[in-house]
Amino acid sequence: MLYGDRDEDFLKKGKRLDRLRVPAQKGEVTVCMPVPAPGSYAISLYHDEDGNKKLTKNWFGLPIEGYGFSRDATVSYRLPQLDETVFTAMPGDTQVRITMRY
């Protein structure tokens with residue numbers, strides 16, 4: 001999921017700019033996600049292991065399925081904040097490498 005640079009929108013339902021769904025596979029997965037214009041964005045992703053089309057979380061609100069964020073932001077006792085995930089998309093291709101965490 002692609003988010004803009006507004007703190008109040010980050011990870012909020014209905015506030016994403018775009019969403020792509022791709023089949024999970026072992027190894028590296030490459031996806032091209034267009035952005036509206038050069039600027040600051042954040043990406044969140046998850047492996048929908050149970051097929052319910054949402055990120056399943058525990059009662060603390062932390063993910064129990066594989067997940068990742070731009071800038072490889074980590075989750076410890078809380079989900080990351082926007083400033084921990086935001087990157088700058090330049091004209092042309094901007095590569096963002098995200099490690100899935102399980």
# chains A, B, ... in the order shown; residues from 1 in each chain; ligands from 1
call {"tool": "select_by_dssp", "arguments": {"residues": "stretch 25-87 of chain A", "states": "strand (DSSP E)", "output": "number ranges by chain"}}
result
A: 39-46, 67-69, 87
call {"tool": "write_last_selection", "arguments": {"atoms": "N, CA, C and O atoms", "output": "mmCIF file, in the first residue's frame"}}
result
data_model
loop_
_atom_site.group_PDB
_atom_site.id
_atom_site.type_symbol
_atom_site.label_atom_id
_atom_site.label_comp_id
_atom_site.auth_asym_id
_atom_site.auth_seq_id
_atom_site.Cartn_x
_atom_site.Cartn_y
_atom_site.Cartn_z
ATOM 1 N N GLY A 39 7.921 13.115 -5.012
ATOM 2 C CA GLY A 39 7.592 13.602 -3.673
ATOM 3 C C GLY A 39 7.876 12.563 -2.619
ATOM 4 O O GLY A 39 8.548 11.569 -2.864
ATOM 5 N N SER A 40 7.323 12.770 -1.435
ATOM 6 C CA SER A 40 7.555 11.894 -0.288
ATOM 7 C C SER A 40 6.397 10.917 -0.121
ATOM 8 O O SER A 40 5.230 11.314 -0.143
ATOM 9 N N TYR A 41 6.745 9.641 0.074
ATOM 10 C CA TYR A 41 5.762 8.572 0.187
ATOM 11 C C TYR A 41 6.235 7.537 1.196
ATOM 12 O O TYR A 41 7.400 7.522 1.597
ATOM 13 N N ALA A 42 5.334 6.653 1.563
ATOM 14 C CA ALA A 42 5.666 5.514 2.411
ATOM 15 C C ALA A 42 4.938 4.287 1.866
ATOM 16 O O ALA A 42 3.844 4.406 1.309
ATOM 17 N N ILE A 43 5.550 3.130 2.032
ATOM 18 C CA ILE A 43 4.960 1.876 1.575
ATOM 19 C C ILE A 43 4.848 0.923 2.765
ATOM 20 O O ILE A 43 5.774 0.808 3.565
ATOM 21 N N SER A 44 3.712 0.269 2.862
ATOM 22 C CA SER A 44 3.555 -0.842 3.800
ATOM 23 C C SER A 44 3.131 -2.055 2.988
ATOM 24 O O SER A 44 2.424 -1.917 1.988
ATOM 25 N N LEU A 45 3.580 -3.216 3.403
ATOM 26 C CA LEU A 45 3.186 -4.428 2.711
ATOM 27 C C LEU A 45 3.031 -5.555 3.711
ATOM 28 O O LEU A 45 3.525 -5.479 4.834
ATOM 29 N N TYR A 46 2.285 -6.573 3.312
ATOM 30 C CA TYR A 46 2.117 -7.730 4.174
ATOM 31 C C TYR A 46 1.868 -8.971 3.342
ATOM 32 O O TYR A 46 1.455 -8.896 2.200
ATOM 33 N N TYR A 67 5.243 -8.912 7.234
ATOM 34 C CA TYR A 67 4.998 -7.501 6.929
ATOM 35 C C TYR A 67 6.313 -6.819 6.578
ATOM 36 O O TYR A 67 7.401 -7.360 6.811
ATOM 37 N N GLY A 68 6.216 -5.614 6.055
ATOM 38 C CA GLY A 68 7.388 -4.802 5.774
ATOM 39 C C GLY A 68 6.976 -3.364 5.533
ATOM 40 O O GLY A 68 5.817 -3.073 5.222
ATOM 41 N N PHE A 69 7.942 -2.464 5.702
ATOM 42 C CA PHE A 69 7.720 -1.037 5.488
ATOM 43 C C PHE A 69 8.887 -0.463 4.715
ATOM 44 O O PHE A 69 10.013 -0.967 4.812
ATOM 45 N N PHE A 87 10.113 7.926 2.142
ATOM 46 C CA PHE A 87 11.206 8.007 1.177
ATOM 47 C C PHE A 87 10.830 9.032 0.120
ATOM 48 O O PHE A 87 9.667 9.423 -0.002
#
call {"tool": "select_by_dssp", "arguments": {"residues": "chain A", "states": "helix (DSSP H, G or I)", "output": "VMD selection string"}}
result
chain A and resid 70 to 72 82 to 84
call {"tool": "write_last_selection", "arguments": {"atoms": "N, CA, C and O atoms", "output": "JSON list (two decimals), in the first residue's frame"}}
result
[["chain", "number", "residue", "atom", "x", "y", "z"],
["A", 70, "SER", "N", 8.63, 0.59, 3.96],
["A", 70, "SER", "CA", 9.72, 1.28, 3.29],
["A", 70, "SER", "C", 10.74, 1.73, 4.33],
["A", 70, "SER", "O", 10.42, 1.93, 5.50],
["A", 71, "ARG", "N", 11.98, 1.86, 3.88],
["A", 71, "ARG", "CA", 13.14, 2.16, 4.73],
["A", 71, "ARG", "C", 13.37, 1.06, 5.76],
["A", 71, "ARG", "O", 14.06, 1.25, 6.74],
["A", 72, "ASP", "N", 12.77, -0.11, 5.52],
["A", 72, "ASP", "CA", 12.90, -1.26, 6.41],
["A", 72, "ASP", "C", 12.64, -0.91, 7.87],
["A", 72, "ASP", "O", 13.27, -1.43, 8.79],
["A", 82, "LEU", "N", 5.31, 7.53, 10.43],
["A", 82, "LEU", "CA", 5.56, 7.94, 9.05],
["A", 82, "LEU", "C", 7.02, 8.33, 8.84],
["A", 82, "LEU", "O", 7.64, 7.91, 7.87],
["A", 83, "ASP", "N", 7.58, 9.13, 9.74],
["A", 83, "ASP", "CA", 8.96, 9.61, 9.53],
["A", 83, "ASP", "C", 9.99, 8.48, 9.53],
["A", 83, "ASP", "O", 11.10, 8.66, 9.06],
["A", 84, "GLU", "N", 9.62, 7.30, 10.00],
["A", 84, "GLU", "CA", 10.52, 6.14, 9.98],
["A", 84, "GLU", "C", 10.43, 5.37, 8.67],
["A", 84, "GLU", "O", 11.24, 4.49, 8.41]]
call {"tool": "closest_residue", "arguments": {"among": "A:Leu11, A:Leu79, A:Ala89, A:Val22", "to": "A:Val35", "atoms": "only C-alpha atoms"}}
result
A:Ala89
call {"tool": "atom_distance", "arguments": {"atom1": "atom CA of A:Pro38", "atom2": "atom CA of A:Met100"}}
result
25.4 Å
call {"tool": "residues_around", "arguments": {"residues": "A:Asp48", "least_positions_apart": "4", "cutoff": "12 Å", "atoms": "only C-alpha atoms", "output": "PyMOL selection string"}}
result
chain A and resi 21-25+52-57+63-67+100+102
call {"tool": "atom_distance", "arguments": {"atom1": "atom CA of A:Thr94", "atom2": "atom CA of A:Leu2"}}
result
13.7 Å
call {"tool": "atom_distance", "arguments": {"atom1": "atom CA of A:Met33", "atom2": "atom CA of A:Arg78"}}
result
26.3 Å
